[in-house]
file entry_4.pdb (PDB, C-alpha atoms and all ligand atoms)
ATOM      1  CA  MET A  19     123.387 -31.461 -34.748  1.00  0.00           C
ATOM      2  CA  ALA A  20     122.162 -32.804 -31.462  1.00  0.00           C
ATOM      3  CA  TYR A  21     124.597 -30.489 -29.770  1.00  0.00           C
ATOM      4  CA  ARG A  22     123.253 -27.591 -31.777  1.00  0.00           C
ATOM      5  CA  ARG A  23     119.676 -28.342 -30.750  1.00  0.00           C
ATOM      6  CA  ARG A  24     120.666 -28.662 -27.146  1.00  0.00           C
ATOM      7  CA  MET A  25     122.436 -25.329 -27.243  1.00  0.00           C
ATOM      8  CA  GLN A  26     119.559 -23.460 -28.809  1.00  0.00           C
ATOM      9  CA  SER A  27     116.544 -24.771 -27.027  1.00  0.00           C
ATOM     10  CA  PRO A  28     116.781 -23.194 -23.558  1.00  0.00           C
ATOM     11  CA  PHE A  29     117.889 -19.800 -24.726  1.00  0.00           C
ATOM     12  CA  ARG A  30     115.398 -19.465 -27.545  1.00  0.00           C
ATOM     13  CA  ARG A  31     112.795 -18.939 -24.891  1.00  0.00           C
ATOM     14  CA  PHE A  32     114.730 -17.051 -22.302  1.00  0.00           C
ATOM     15  CA  PRO A  33     114.364 -15.650 -19.821  1.00  0.00           C
ATOM     16  CA  ARG A  34     111.349 -17.669 -18.737  1.00  0.00           C
ATOM     17  CA  LEU A  35     112.673 -21.140 -19.446  1.00  0.00           C
ATOM     18  CA  ALA A  36     116.273 -20.318 -18.742  1.00  0.00           C
ATOM     19  CA  LEU A  37     115.270 -19.232 -15.282  1.00  0.00           C
ATOM     20  CA  SER A  38     113.308 -22.371 -14.647  1.00  0.00           C
ATOM     21  CA  GLY A  39     116.180 -24.721 -13.854  1.00  0.00           C
ATOM     22  CA  LEU A  40     119.530 -24.463 -12.206  1.00  0.00           C
ATOM     23  CA  THR A  41     119.781 -20.797 -12.980  1.00  0.00           C
ATOM     24  CA  ALA A  42     116.655 -20.149 -10.980  1.00  0.00           C
ATOM     25  CA  LEU A  43     118.343 -21.694  -7.983  1.00  0.00           C
ATOM     26  CA  LEU A  44     121.292 -19.412  -8.529  1.00  0.00           C
ATOM     27  CA  LEU A  45     119.304 -16.245  -8.908  1.00  0.00           C
ATOM     28  CA  THR A  46     115.781 -16.177  -7.665  1.00  0.00           C
ATOM     29  CA  SER A  47     115.993 -15.885  -3.946  1.00  0.00           C
ATOM     30  CA  GLY A  48     117.334 -12.374  -4.242  1.00  0.00           C
ATOM     31  CA  CYS A  49     113.736 -11.219  -4.246  1.00  0.00           C
ATOM     32  CA  GLN A  50     113.747 -11.790  -0.526  1.00  0.00           C
ATOM     33  CA  SER A  51     117.025  -9.950   0.031  1.00  0.00           C
ATOM     34  CA  ASN A  52     115.357  -7.047   1.771  1.00  0.00           C
ATOM     35  CA  ARG A  53     114.332  -9.041   4.805  1.00  0.00           C
ATOM     36  CA  VAL A  54     114.043  -6.964   7.929  1.00  0.00           C
ATOM     37  CA  PRO A  55     116.638  -8.066  10.459  1.00  0.00           C
ATOM     38  CA  ASN A  56     115.573  -8.558  14.064  1.00  0.00           C
ATOM     39  CA  ARG A  57     116.594  -6.285  16.899  1.00  0.00           C
ATOM     40  CA  ASP A  58     119.817  -8.025  17.795  1.00  0.00           C
ATOM     41  CA  GLN A  59     121.056  -7.240  14.300  1.00  0.00           C
ATOM     42  CA  LEU A  60     120.679  -3.522  14.721  1.00  0.00           C
ATOM     43  CA  SER A  61     124.302  -2.871  13.813  1.00  0.00           C
ATOM     44  CA  ASP A  62     123.748  -4.759  10.576  1.00  0.00           C
ATOM     45  CA  VAL A  63     120.801  -2.548   9.798  1.00  0.00           C
ATOM     46  CA  GLN A  64     122.949   0.478  10.294  1.00  0.00           C
ATOM     47  CA  ARG A  65     125.519  -0.953   7.948  1.00  0.00           C
ATOM     48  CA  VAL A  66     122.948  -1.844   5.330  1.00  0.00           C
ATOM     49  CA  MET A  67     121.801   1.770   5.390  1.00  0.00           C
ATOM     50  CA  LEU A  68     125.136   2.588   3.771  1.00  0.00           C
ATOM     51  CA  LEU A  69     124.398   0.392   0.788  1.00  0.00           C
ATOM     52  CA  PRO A  70     123.195   1.933  -2.453  1.00  0.00           C
ATOM     53  CA  ARG A  71     119.550   1.188  -3.167  1.00  0.00           C
ATOM     54  CA  ASP A  72     120.242  -0.487  -6.470  1.00  0.00           C
ATOM     55  CA  ARG A  73     120.050  -4.101  -5.441  1.00  0.00           C
ATOM     56  CA  SER A  74     116.863  -5.345  -6.979  1.00  0.00           C
ATOM     57  CA  ARG A  75     115.636  -6.939 -10.149  1.00  0.00           C
ATOM     58  CA  GLU A  76     113.600  -3.797 -10.803  1.00  0.00           C
ATOM     59  CA  ALA A  77     116.591  -1.483 -10.481  1.00  0.00           C
ATOM     60  CA  GLN A  78     118.687  -3.755 -12.673  1.00  0.00           C
ATOM     61  CA  GLN A  79     116.079  -4.005 -15.400  1.00  0.00           C
ATOM     62  CA  ALA A  80     115.254  -0.298 -15.335  1.00  0.00           C
ATOM     63  CA  MET A  81     118.872   0.529 -16.120  1.00  0.00           C
ATOM     64  CA  THR A  82     119.915   1.105 -19.731  1.00  0.00           C
ATOM     65  CA  PRO A  83     123.266  -0.070 -21.106  1.00  0.00           C
ATOM     66  CA  ALA A  84     124.336   3.570 -21.324  1.00  0.00           C
ATOM     67  CA  GLN A  85     123.444   4.134 -17.677  1.00  0.00           C
ATOM     68  CA  ALA A  86     125.392   1.021 -16.715  1.00  0.00           C
ATOM     69  CA  LEU A  87     128.442   2.429 -18.478  1.00  0.00           C
ATOM     70  CA  GLU A  88     128.026   5.775 -16.742  1.00  0.00           C
ATOM     71  CA  LYS A  89     127.869   3.970 -13.430  1.00  0.00           C
ATOM     72  CA  LEU A  90     131.193   2.284 -14.090  1.00  0.00           C
ATOM     73  CA  LYS A  91     132.755   5.524 -15.339  1.00  0.00           C
ATOM     74  CA  ALA A  92     131.591   7.357 -12.231  1.00  0.00           C
ATOM     75  CA  GLY A  93     132.954   4.604 -10.019  1.00  0.00           C
ATOM     76  CA  ASN A  94     136.362   4.727 -11.687  1.00  0.00           C
ATOM     77  CA  GLU A  95     136.364   8.504 -11.394  1.00  0.00           C
ATOM     78  CA  ARG A  96     135.776   8.184  -7.656  1.00  0.00           C
ATOM     79  CA  PHE A  97     138.553   5.603  -7.462  1.00  0.00           C
ATOM     80  CA  VAL A  98     141.188   7.693  -9.229  1.00  0.00           C
ATOM     81  CA  SER A  99     140.255  10.821  -7.312  1.00  0.00           C
ATOM     82  CA  GLY A 100     140.500   9.085  -3.960  1.00  0.00           C
ATOM     83  CA  THR A 101     136.809   9.499  -3.202  1.00  0.00           C
ATOM     84  CA  SER A 102     135.678   5.883  -3.338  1.00  0.00           C
ATOM     85  CA  GLN A 103     132.553   5.241  -1.339  1.00  0.00           C
ATOM     86  CA  PRO A 104     132.866   3.627   2.086  1.00  0.00           C
ATOM     87  CA  HIS A 105     132.210  -0.079   1.732  1.00  0.00           C
ATOM     88  CA  ASP A 106     131.152  -2.308   4.574  1.00  0.00           C
ATOM     89  CA  ARG A 107     132.014  -5.522   2.803  1.00  0.00           C
ATOM     90  CA  LEU A 108     130.495  -7.722   5.465  1.00  0.00           C
ATOM     91  CA  ALA A 109     127.201  -5.871   5.214  1.00  0.00           C
ATOM     92  CA  GLU A 110     127.399  -6.209   1.445  1.00  0.00           C
ATOM     93  CA  VAL A 111     127.917  -9.937   1.807  1.00  0.00           C
ATOM     94  CA  ARG A 112     124.876 -10.236   4.041  1.00  0.00           C
ATOM     95  CA  SER A 113     122.649  -8.108   1.866  1.00  0.00           C
ATOM     96  CA  THR A 114     123.464 -10.077  -1.275  1.00  0.00           C
ATOM     97  CA  ALA A 115     123.590 -13.582   0.132  1.00  0.00           C
ATOM     98  CA  SER A 116     120.171 -14.540  -1.127  1.00  0.00           C
ATOM     99  CA  GLY A 117     120.370 -13.104  -4.615  1.00  0.00           C
ATOM    100  CA  GLN A 118     122.288 -11.045  -7.138  1.00  0.00           C
ATOM    101  CA  PHE A 119     121.325  -8.512  -9.784  1.00  0.00           C
ATOM    102  CA  PRO A 120     124.612  -7.208 -11.222  1.00  0.00           C
ATOM    103  CA  PHE A 121     124.265  -4.473 -13.810  1.00  0.00           C
ATOM    104  CA  ALA A 122     127.454  -5.238 -15.741  1.00  0.00           C
ATOM    105  CA  ALA A 123     129.841  -8.040 -16.651  1.00  0.00           C
ATOM    106  CA  VAL A 124     133.508  -7.119 -16.812  1.00  0.00           C
ATOM    107  CA  VAL A 125     136.120  -9.242 -18.567  1.00  0.00           C
ATOM    108  CA  SER A 126     139.599  -8.330 -17.417  1.00  0.00           C
ATOM    109  CA  CYS A 127     143.051  -9.751 -16.879  1.00  0.00           C
ATOM    110  CA  LEU A 128     144.159 -12.050 -14.105  1.00  0.00           C
ATOM    111  CA  ASP A 129     146.646  -9.353 -13.079  1.00  0.00           C
ATOM    112  CA  SER A 130     146.586  -8.683  -9.340  1.00  0.00           C
ATOM    113  CA  ARG A 131     146.769  -4.929  -9.900  1.00  0.00           C
ATOM    114  CA  GLN A 132     143.403  -4.626 -11.604  1.00  0.00           C
ATOM    115  CA  PRO A 133     140.722  -5.759  -9.139  1.00  0.00           C
ATOM    116  CA  THR A 134     137.405  -5.017 -10.827  1.00  0.00           C
ATOM    117  CA  GLU A 135     135.229  -4.079  -7.864  1.00  0.00           C
ATOM    118  CA  ILE A 136     137.876  -1.759  -6.445  1.00  0.00           C
ATOM    119  CA  VAL A 137     138.876   0.111  -9.604  1.00  0.00           C
ATOM    120  CA  PHE A 138     135.220   0.702 -10.462  1.00  0.00           C
ATOM    121  CA  ASP A 139     134.291   1.381  -6.833  1.00  0.00           C
ATOM    122  CA  GLN A 140     131.466  -1.125  -6.834  1.00  0.00           C
ATOM    123  CA  SER A 141     129.818  -3.034  -4.060  1.00  0.00           C
ATOM    124  CA  ILE A 142     129.782  -6.802  -3.822  1.00  0.00           C
ATOM    125  CA  GLY A 143     126.983  -8.029  -6.057  1.00  0.00           C
ATOM    126  CA  ASN A 144     127.113  -5.137  -8.534  1.00  0.00           C
ATOM    127  CA  VAL A 145     129.286  -6.632 -11.267  1.00  0.00           C
ATOM    128  CA  PHE A 146     130.113 -10.008 -12.709  1.00  0.00           C
ATOM    129  CA  SER A 147     133.860 -10.296 -12.979  1.00  0.00           C
ATOM    130  CA  ALA A 148     135.424 -12.707 -15.472  1.00  0.00           C
ATOM    131  CA  ARG A 149     139.166 -12.628 -15.094  1.00  0.00           C
ATOM    132  CA  ILE A 150     141.612 -14.507 -17.248  1.00  0.00           C
ATOM    133  CA  ALA A 151     145.209 -13.808 -18.251  1.00  0.00           C
ATOM    134  CA  GLY A 152     145.281 -11.418 -21.191  1.00  0.00           C
ATOM    135  CA  ASN A 153     141.494 -10.898 -20.954  1.00  0.00           C
ATOM    136  CA  ILE A 154     141.083 -13.277 -23.865  1.00  0.00           C
ATOM    137  CA  ILE A 155     137.766 -14.667 -25.024  1.00  0.00           C
ATOM    138  CA  ASN A 156     137.179 -18.405 -25.141  1.00  0.00           C
ATOM    139  CA  ASP A 157     134.082 -20.581 -25.064  1.00  0.00           C
ATOM    140  CA  ASP A 158     133.922 -20.624 -21.277  1.00  0.00           C
ATOM    141  CA  ILE A 159     134.179 -16.855 -21.012  1.00  0.00           C
ATOM    142  CA  LEU A 160     131.456 -16.581 -23.648  1.00  0.00           C
ATOM    143  CA  GLY A 161     129.299 -18.989 -21.670  1.00  0.00           C
ATOM    144  CA  SER A 162     129.870 -16.903 -18.568  1.00  0.00           C
ATOM    145  CA  LEU A 163     128.859 -13.729 -20.408  1.00  0.00           C
ATOM    146  CA  GLU A 164     125.758 -15.440 -21.797  1.00  0.00           C
ATOM    147  CA  PHE A 165     124.829 -16.394 -18.263  1.00  0.00           C
ATOM    148  CA  ALA A 166     125.508 -12.879 -16.989  1.00  0.00           C
ATOM    149  CA  CYS A 167     123.396 -11.168 -19.633  1.00  0.00           C
ATOM    150  CA  ALA A 168     120.802 -13.600 -20.981  1.00  0.00           C
ATOM    151  CA  VAL A 169     120.002 -15.244 -17.686  1.00  0.00           C
ATOM    152  CA  ALA A 170     121.044 -12.903 -14.891  1.00  0.00           C
ATOM    153  CA  GLY A 171     120.067  -9.687 -16.648  1.00  0.00           C
ATOM    154  CA  ALA A 172     123.299  -7.693 -16.738  1.00  0.00           C
ATOM    155  CA  LYS A 173     123.026  -4.714 -19.091  1.00  0.00           C
ATOM    156  CA  LEU A 174     126.588  -4.173 -20.170  1.00  0.00           C
ATOM    157  CA  ILE A 175     129.658  -6.178 -21.131  1.00  0.00           C
ATOM    158  CA  VAL A 176     132.990  -4.451 -20.690  1.00  0.00           C
ATOM    159  CA  VAL A 177     136.338  -5.859 -21.797  1.00  0.00           C
ATOM    160  CA  VAL A 178     139.138  -4.058 -20.003  1.00  0.00           C
ATOM    161  CA  GLY A 179     142.746  -4.632 -20.945  1.00  0.00           C
ATOM    162  CA  HIS A 180     145.588  -3.046 -19.024  1.00  0.00           C
ATOM    163  CA  THR A 181     148.947  -1.470 -19.620  1.00  0.00           C
ATOM    164  CA  ARG A 182     152.168  -3.434 -19.090  1.00  0.00           C
ATOM    165  CA  CYS A 183     150.268  -6.724 -19.324  1.00  0.00           C
ATOM    166  CA  GLY A 184     152.495  -9.745 -18.800  1.00  0.00           C
ATOM    167  CA  ALA A 185     150.294 -11.971 -20.937  1.00  0.00           C
ATOM    168  CA  ILE A 186     150.454  -9.488 -23.792  1.00  0.00           C
ATOM    169  CA  LYS A 187     154.229  -9.303 -23.419  1.00  0.00           C
ATOM    170  CA  GLY A 188     154.403 -13.094 -23.445  1.00  0.00           C
ATOM    171  CA  ALA A 189     152.410 -13.208 -26.671  1.00  0.00           C
ATOM    172  CA  CYS A 190     154.638 -10.535 -28.196  1.00  0.00           C
ATOM    173  CA  ASP A 191     157.679 -12.705 -27.457  1.00  0.00           C
ATOM    174  CA  GLY A 192     156.068 -15.999 -28.468  1.00  0.00           C
ATOM    175  CA  VAL A 193     156.519 -17.486 -25.008  1.00  0.00           C
ATOM    176  CA  GLU A 194     155.717 -21.174 -24.675  1.00  0.00           C
ATOM    177  CA  LEU A 195     155.050 -22.720 -21.267  1.00  0.00           C
ATOM    178  CA  GLY A 196     152.648 -25.511 -20.444  1.00  0.00           C
ATOM    179  CA  HIS A 197     149.008 -24.517 -20.739  1.00  0.00           C
ATOM    180  CA  LEU A 198     150.026 -20.894 -21.067  1.00  0.00           C
ATOM    181  CA  THR A 199     151.127 -21.602 -24.631  1.00  0.00           C
ATOM    182  CA  GLY A 200     147.578 -22.159 -25.818  1.00  0.00           C
ATOM    183  CA  LEU A 201     146.281 -19.139 -23.926  1.00  0.00           C
ATOM    184  CA  LEU A 202     148.927 -16.836 -25.383  1.00  0.00           C
ATOM    185  CA  ASN A 203     148.145 -18.167 -28.855  1.00  0.00           C
ATOM    186  CA  ARG A 204     144.736 -16.540 -28.483  1.00  0.00           C
ATOM    187  CA  ILE A 205     146.466 -13.173 -28.327  1.00  0.00           C
ATOM    188  CA  GLN A 206     148.273 -13.720 -31.642  1.00  0.00           C
ATOM    189  CA  PRO A 207     145.415 -12.246 -33.740  1.00  0.00           C
ATOM    190  CA  ALA A 208     145.959  -9.011 -31.804  1.00  0.00           C
ATOM    191  CA  VAL A 209     149.707  -9.176 -32.422  1.00  0.00           C
ATOM    192  CA  GLN A 210     149.008  -9.559 -36.144  1.00  0.00           C
ATOM    193  CA  ARG A 211     146.647  -6.569 -36.149  1.00  0.00           C
ATOM    194  CA  VAL A 212     149.393  -4.158 -35.155  1.00  0.00           C
ATOM    195  CA  PRO A 213     150.885  -2.647 -38.344  1.00  0.00           C
ATOM    196  CA  SER A 214     154.237  -4.059 -39.403  1.00  0.00           C
ATOM    197  CA  TYR A 215     155.892  -0.653 -39.290  1.00  0.00           C
ATOM    198  CA  VAL A 216     155.759  -0.804 -35.497  1.00  0.00           C
ATOM    199  CA  GLN A 217     159.208  -2.187 -34.718  1.00  0.00           C
ATOM    200  CA  PRO A 218     160.748  -3.972 -32.940  1.00  0.00           C
ATOM    201  CA  ARG A 219     157.954  -6.428 -32.293  1.00  0.00           C
ATOM    202  CA  THR A 220     158.999  -7.652 -28.883  1.00  0.00           C
ATOM    203  CA  SER A 221     158.054  -6.945 -25.268  1.00  0.00           C
ATOM    204  CA  LYS A 222     161.018  -4.583 -25.083  1.00  0.00           C
ATOM    205  CA  ASN A 223     159.069  -2.128 -27.229  1.00  0.00           C
ATOM    206  CA  THR A 224     156.498  -0.502 -24.944  1.00  0.00           C
ATOM    207  CA  GLU A 225     154.666   1.116 -27.847  1.00  0.00           C
ATOM    208  CA  PHE A 226     154.244  -2.262 -29.521  1.00  0.00           C
ATOM    209  CA  VAL A 227     153.063  -3.921 -26.294  1.00  0.00           C
ATOM    210  CA  GLU A 228     150.415  -1.265 -25.676  1.00  0.00           C
ATOM    211  CA  LYS A 229     149.204  -1.385 -29.272  1.00  0.00           C
ATOM    212  CA  VAL A 230     148.827  -5.154 -29.013  1.00  0.00           C
ATOM    213  CA  ALA A 231     146.930  -4.726 -25.741  1.00  0.00           C
ATOM    214  CA  ALA A 232     144.517  -2.294 -27.397  1.00  0.00           C
ATOM    215  CA  ALA A 233     144.116  -4.560 -30.413  1.00  0.00           C
ATOM    216  CA  ASN A 234     143.495  -7.481 -28.088  1.00  0.00           C
ATOM    217  CA  VAL A 235     140.516  -5.676 -26.567  1.00  0.00           C
ATOM    218  CA  GLN A 236     139.155  -4.936 -30.030  1.00  0.00           C
ATOM    219  CA  VAL A 237     139.545  -8.596 -31.005  1.00  0.00           C
ATOM    220  CA  ALA A 238     137.651  -9.592 -27.869  1.00  0.00           C
ATOM    221  CA  LEU A 239     134.772  -7.245 -28.713  1.00  0.00           C
ATOM    222  CA  ILE A 240     134.570  -8.694 -32.223  1.00  0.00           C
ATOM    223  CA  GLN A 241     134.697 -12.262 -30.952  1.00  0.00           C
ATOM    224  CA  ILE A 242     131.954 -11.689 -28.398  1.00  0.00           C
ATOM    225  CA  ARG A 243     129.641 -10.441 -31.118  1.00  0.00           C
ATOM    226  CA  GLU A 244     130.633 -12.999 -33.748  1.00  0.00           C
ATOM    227  CA  LYS A 245     130.884 -16.139 -31.671  1.00  0.00           C
ATOM    228  CA  SER A 246     127.816 -15.781 -29.488  1.00  0.00           C
ATOM    229  CA  PRO A 247     124.480 -15.623 -31.319  1.00  0.00           C
ATOM    230  CA  ILE A 248     122.809 -15.123 -27.952  1.00  0.00           C
ATOM    231  CA  LEU A 249     124.816 -12.027 -27.071  1.00  0.00           C
ATOM    232  CA  ARG A 250     124.644 -10.733 -30.655  1.00  0.00           C
ATOM    233  CA  GLU A 251     120.861 -10.868 -30.517  1.00  0.00           C
ATOM    234  CA  LEU A 252     120.783  -8.979 -27.224  1.00  0.00           C
ATOM    235  CA  LEU A 253     123.189  -6.407 -28.661  1.00  0.00           C
ATOM    236  CA  ASP A 254     121.186  -5.996 -31.862  1.00  0.00           C
ATOM    237  CA  GLN A 255     118.046  -5.484 -29.810  1.00  0.00           C
ATOM    238  CA  GLY A 256     119.788  -2.844 -27.730  1.00  0.00           C
ATOM    239  CA  ARG A 257     119.103  -4.790 -24.571  1.00  0.00           C
ATOM    240  CA  ILE A 258     122.770  -4.916 -23.632  1.00  0.00           C
ATOM    241  CA  GLY A 259     125.816  -2.823 -24.459  1.00  0.00           C
ATOM    242  CA  LEU A 260     129.373  -3.839 -25.306  1.00  0.00           C
ATOM    243  CA  VAL A 261     132.365  -1.610 -24.768  1.00  0.00           C
ATOM    244  CA  GLY A 262     136.127  -1.903 -24.431  1.00  0.00           C
ATOM    245  CA  GLY A 263     138.600  -0.021 -22.308  1.00  0.00           C
ATOM    246  CA  MET A 264     142.146   0.110 -21.043  1.00  0.00           C
ATOM    247  CA  TYR A 265     143.243   0.261 -17.415  1.00  0.00           C
ATOM    248  CA  ASP A 266     146.363   2.282 -16.687  1.00  0.00           C
ATOM    249  CA  LEU A 267     148.434   0.584 -14.002  1.00  0.00           C
ATOM    250  CA  GLU A 268     150.089   3.875 -13.098  1.00  0.00           C
ATOM    251  CA  THR A 269     147.001   6.021 -12.611  1.00  0.00           C
ATOM    252  CA  GLY A 270     144.191   3.566 -11.934  1.00  0.00           C
ATOM    253  CA  ARG A 271     142.161   5.167 -14.701  1.00  0.00           C
ATOM    254  CA  VAL A 272     140.114   3.215 -17.199  1.00  0.00           C
ATOM    255  CA  ASP A 273     139.891   4.863 -20.604  1.00  0.00           C
ATOM    256  CA  PHE A 274     136.837   3.587 -22.413  1.00  0.00           C
ATOM    257  CA  TYR A 275     136.974   3.263 -26.167  1.00  0.00           C
ATOM    258  CA  PRO A 276     134.371   5.203 -28.139  1.00  0.00           C
TER     259      PRO A 276
HETATM  260 ZN    ZN B   1     147.530  -8.725 -17.806  1.00  0.00          ZN
END
call {"tool": "encode", "arguments": {"input": "entry_4.pdb", "output": "structure tokens"}}
result
Amino acid sequence: MAYRRRMQSPFRRFPRLALSGLTALLLTSGCQSNRVPNRDQLSDVQRVMLLPRDRSREAQQAMTPAQALEKLKAGNERFVSGTSQPHDRLAEVRSTASGQFPFAAVVSCLDSRQPTEIVFDQSIGNVFSARIAGNIINDDILGSLEFACAVAGAKLIVVVGHTRCGAIKGACDGVELGHLTGLLNRIQPAVQRVPSYVQPRTSKNTEFVEKVAAANVQVALIQIREKSPILRELLDQGRIGLVGGMYDLETGRVDFYP
């Protein structure tokens, strides 16, 4: 019970109290992120001019969950059409060093072929990125999402699976290996959700693998809502959105689920 009280107390009164401690140290100084550089940093100024003007608490809080989703969709559309915006990553680093106001939190796989900022054509500081093999949900991912939304003000949670996922294939085949065994066990509920008429139920069957991957995203969405009272409250109040999607390794496109 003591644990329960400890869990509830800071978030019951967020964001004021939640921002008063360590989280304030992590977040607050972004208010001064628009400092005017001196003359010998003129090239930096020129680079900063390329940055979108969406890096402020005000811009973040003015955005609706639906607008956050549209922003990600537009970014992925630019990515797949080869029209990604020019990014001066060093300028982005400098402009975000003192604070962050990401508009979305994306949970995706560890897979090296699905880098969140690139496939959604986003600048450094625009999205929280939680990556874990098989984009599964556990307590630490939930804690990260609670931080992203309840403390840092992100407006949207997106869980993005991907095609040809090695973790999904491993779960389909019941692979056991060290700590991976426990991780892959978390994908088993998705394996069970795929109807039994889909045969054979191994990684050799591409249709089965992709159905498990889709089911795994749906399981994640359910778990986020069911296991986190904090996120559920924000969702019920319409203050954040929650959506799933699938990244196609061949095209780079993310299809969002309705
Ligand atoms: Zn994967």
call {"tool": "residues_near_ligand", "arguments": {"input": "entry_4.pdb", "ligand": "ligand ZN 1 (chain B)", "cutoff": "8 Å", "atoms": "all atoms listed in the file", "output": "PyMOL selection string"}}
result
chain A and resi 126-129+151-153+179-186
call {"tool": "resolve_selection", "arguments": {"input": "entry_4.pdb", "expression": "the PyMOL selection byres (((chain A and resi 244-260) around 8) and not hetatm)", "output": "PDB file with C-alpha atoms, in the frame of the given file"}}
result
ATOM      1  CA  PHE A  29     117.889 -19.800 -24.726  1.00  0.00           C
ATOM      2  CA  THR A  82     119.915   1.105 -19.731  1.00  0.00           C
ATOM      3  CA  PRO A  83     123.266  -0.070 -21.106  1.00  0.00           C
ATOM      4  CA  ALA A  84     124.336   3.570 -21.324  1.00  0.00           C
ATOM      5  CA  LEU A 160     131.456 -16.581 -23.648  1.00  0.00           C
ATOM      6  CA  LEU A 163     128.859 -13.729 -20.408  1.00  0.00           C
ATOM      7  CA  GLU A 164     125.758 -15.440 -21.797  1.00  0.00           C
ATOM      8  CA  CYS A 167     123.396 -11.168 -19.633  1.00  0.00           C
ATOM      9  CA  ALA A 168     120.802 -13.600 -20.981  1.00  0.00           C
ATOM     10  CA  ALA A 172     123.299  -7.693 -16.738  1.00  0.00           C
ATOM     11  CA  LYS A 173     123.026  -4.714 -19.091  1.00  0.00           C
ATOM     12  CA  LEU A 174     126.588  -4.173 -20.170  1.00  0.00           C
ATOM     13  CA  ILE A 175     129.658  -6.178 -21.131  1.00  0.00           C
ATOM     14  CA  VAL A 176     132.990  -4.451 -20.690  1.00  0.00           C
ATOM     15  CA  LEU A 239     134.772  -7.245 -28.713  1.00  0.00           C
ATOM     16  CA  ILE A 240     134.570  -8.694 -32.223  1.00  0.00           C
ATOM     17  CA  GLN A 241     134.697 -12.262 -30.952  1.00  0.00           C
ATOM     18  CA  ILE A 242     131.954 -11.689 -28.398  1.00  0.00           C
ATOM     19  CA  ARG A 243     129.641 -10.441 -31.118  1.00  0.00           C
ATOM     20  CA  VAL A 261     132.365  -1.610 -24.768  1.00  0.00           C
ATOM     21  CA  GLY A 262     136.127  -1.903 -24.431  1.00  0.00           C
TER      22      GLY A 262
END
call {"tool": "closest_residue", "arguments": {"input": "entry_4.pdb", "among": "A:Pro218, A:Gly143, A:Gly192, A:Pro207", "to": "Val111 (chain A)", "atoms": "only C-alpha atoms"}}
result
A:Gly143
call {"tool": "closest_residue", "arguments": {"input": "entry_4.pdb", "among": "A:Val209, A:Leu90, A:Cys190, A:Ala231", "to": "Ile136 (chain A)", "atoms": "only C-alpha atoms"}}
result
A:Leu90
call {"tool": "resolve_selection", "arguments": {"input": "entry_4.pdb", "expression": "the PyMOL selection byres (((chain A and resi 275) around 9) and not hetatm)", "output": "list of chain:residue names"}}
result
A:Val261, A:Gly262, A:Gly263, A:Met264, A:Asp273, A:Phe274, A:Pro276
call {"tool": "closest_residue", "arguments": {"input": "entry_4.pdb", "among": "A:Ile150, A:Leu202, A:Val237, A:Ala92", "to": "Phe138 (chain A)", "atoms": "all atoms listed in the file"}}
result
A:Ala92
call {"tool": "residues_around", "arguments": {"input": "entry_4.pdb", "residues": "Gln118 (chain A)", "least_positions_apart": "2", "cutoff": "8 Å", "atoms": "all atoms listed in the file", "output": "VMD selection string"}}
result
chain A and resid 45 48 73 to 74 114 to 116 120 143 to 144
call {"tool": "build_atoms", "arguments": {"input": "entry_4.pdb", "residues": "region 209-219 of chain A", "atoms": "N, CA and C atoms", "output": "PDB file, in the frame of the given file"}}
result
ATOM      1  N   VAL A 209     148.328  -9.475 -32.012  1.00  0.00           N
ATOM      2  CA  VAL A 209     149.707  -9.176 -32.422  1.00  0.00           C
ATOM      3  C   VAL A 209     149.740  -8.894 -33.930  1.00  0.00           C
ATOM      4  N   GLN A 210     149.012  -9.712 -34.683  1.00  0.00           N
ATOM      5  CA  GLN A 210     149.008  -9.559 -36.144  1.00  0.00           C
ATOM      6  C   GLN A 210     148.311  -8.277 -36.588  1.00  0.00           C
ATOM      7  N   ARG A 211     147.399  -7.776 -35.757  1.00  0.00           N
ATOM      8  CA  ARG A 211     146.647  -6.569 -36.149  1.00  0.00           C
ATOM      9  C   ARG A 211     147.473  -5.291 -36.040  1.00  0.00           C
ATOM     10  N   VAL A 212     148.555  -5.357 -35.292  1.00  0.00           N
ATOM     11  CA  VAL A 212     149.393  -4.158 -35.155  1.00  0.00           C
ATOM     12  C   VAL A 212     150.245  -4.017 -36.424  1.00  0.00           C
ATOM     13  N   PRO A 213     150.184  -2.843 -37.070  1.00  0.00           N
ATOM     14  CA  PRO A 213     150.885  -2.647 -38.344  1.00  0.00           C
ATOM     15  C   PRO A 213     152.356  -3.018 -38.269  1.00  0.00           C
ATOM     16  N   SER A 214     152.866  -3.535 -39.371  1.00  0.00           N
ATOM     17  CA  SER A 214     154.237  -4.059 -39.403  1.00  0.00           C
ATOM     18  C   SER A 214     155.290  -2.972 -39.232  1.00  0.00           C
ATOM     19  N   TYR A 215     154.886  -1.710 -39.455  1.00  0.00           N
ATOM     20  CA  TYR A 215     155.892  -0.653 -39.290  1.00  0.00           C
ATOM     21  C   TYR A 215     156.223  -0.401 -37.817  1.00  0.00           C
ATOM     22  N   VAL A 216     155.435  -0.945 -36.921  1.00  0.00           N
ATOM     23  CA  VAL A 216     155.759  -0.804 -35.497  1.00  0.00           C
ATOM     24  C   VAL A 216     156.837  -1.833 -35.160  1.00  0.00           C
ATOM     25  N   GLN A 217     158.034  -1.331 -34.946  1.00  0.00           N
ATOM     26  CA  GLN A 217     159.208  -2.187 -34.718  1.00  0.00           C
ATOM     27  C   GLN A 217     159.996  -1.666 -33.518  1.00  0.00           C
ATOM     28  N   PRO A 218     160.730  -2.516 -32.806  1.00  0.00           N
ATOM     29  CA  PRO A 218     160.748  -3.972 -32.940  1.00  0.00           C
ATOM     30  C   PRO A 218     159.500  -4.588 -32.317  1.00  0.00           C
ATOM     31  N   ARG A 219     159.189  -5.780 -32.724  1.00  0.00           N
ATOM     32  CA  ARG A 219     157.954  -6.428 -32.293  1.00  0.00           C
ATOM     33  C   ARG A 219     158.227  -7.405 -31.151  1.00  0.00           C
TER      34      ARG A 219
END
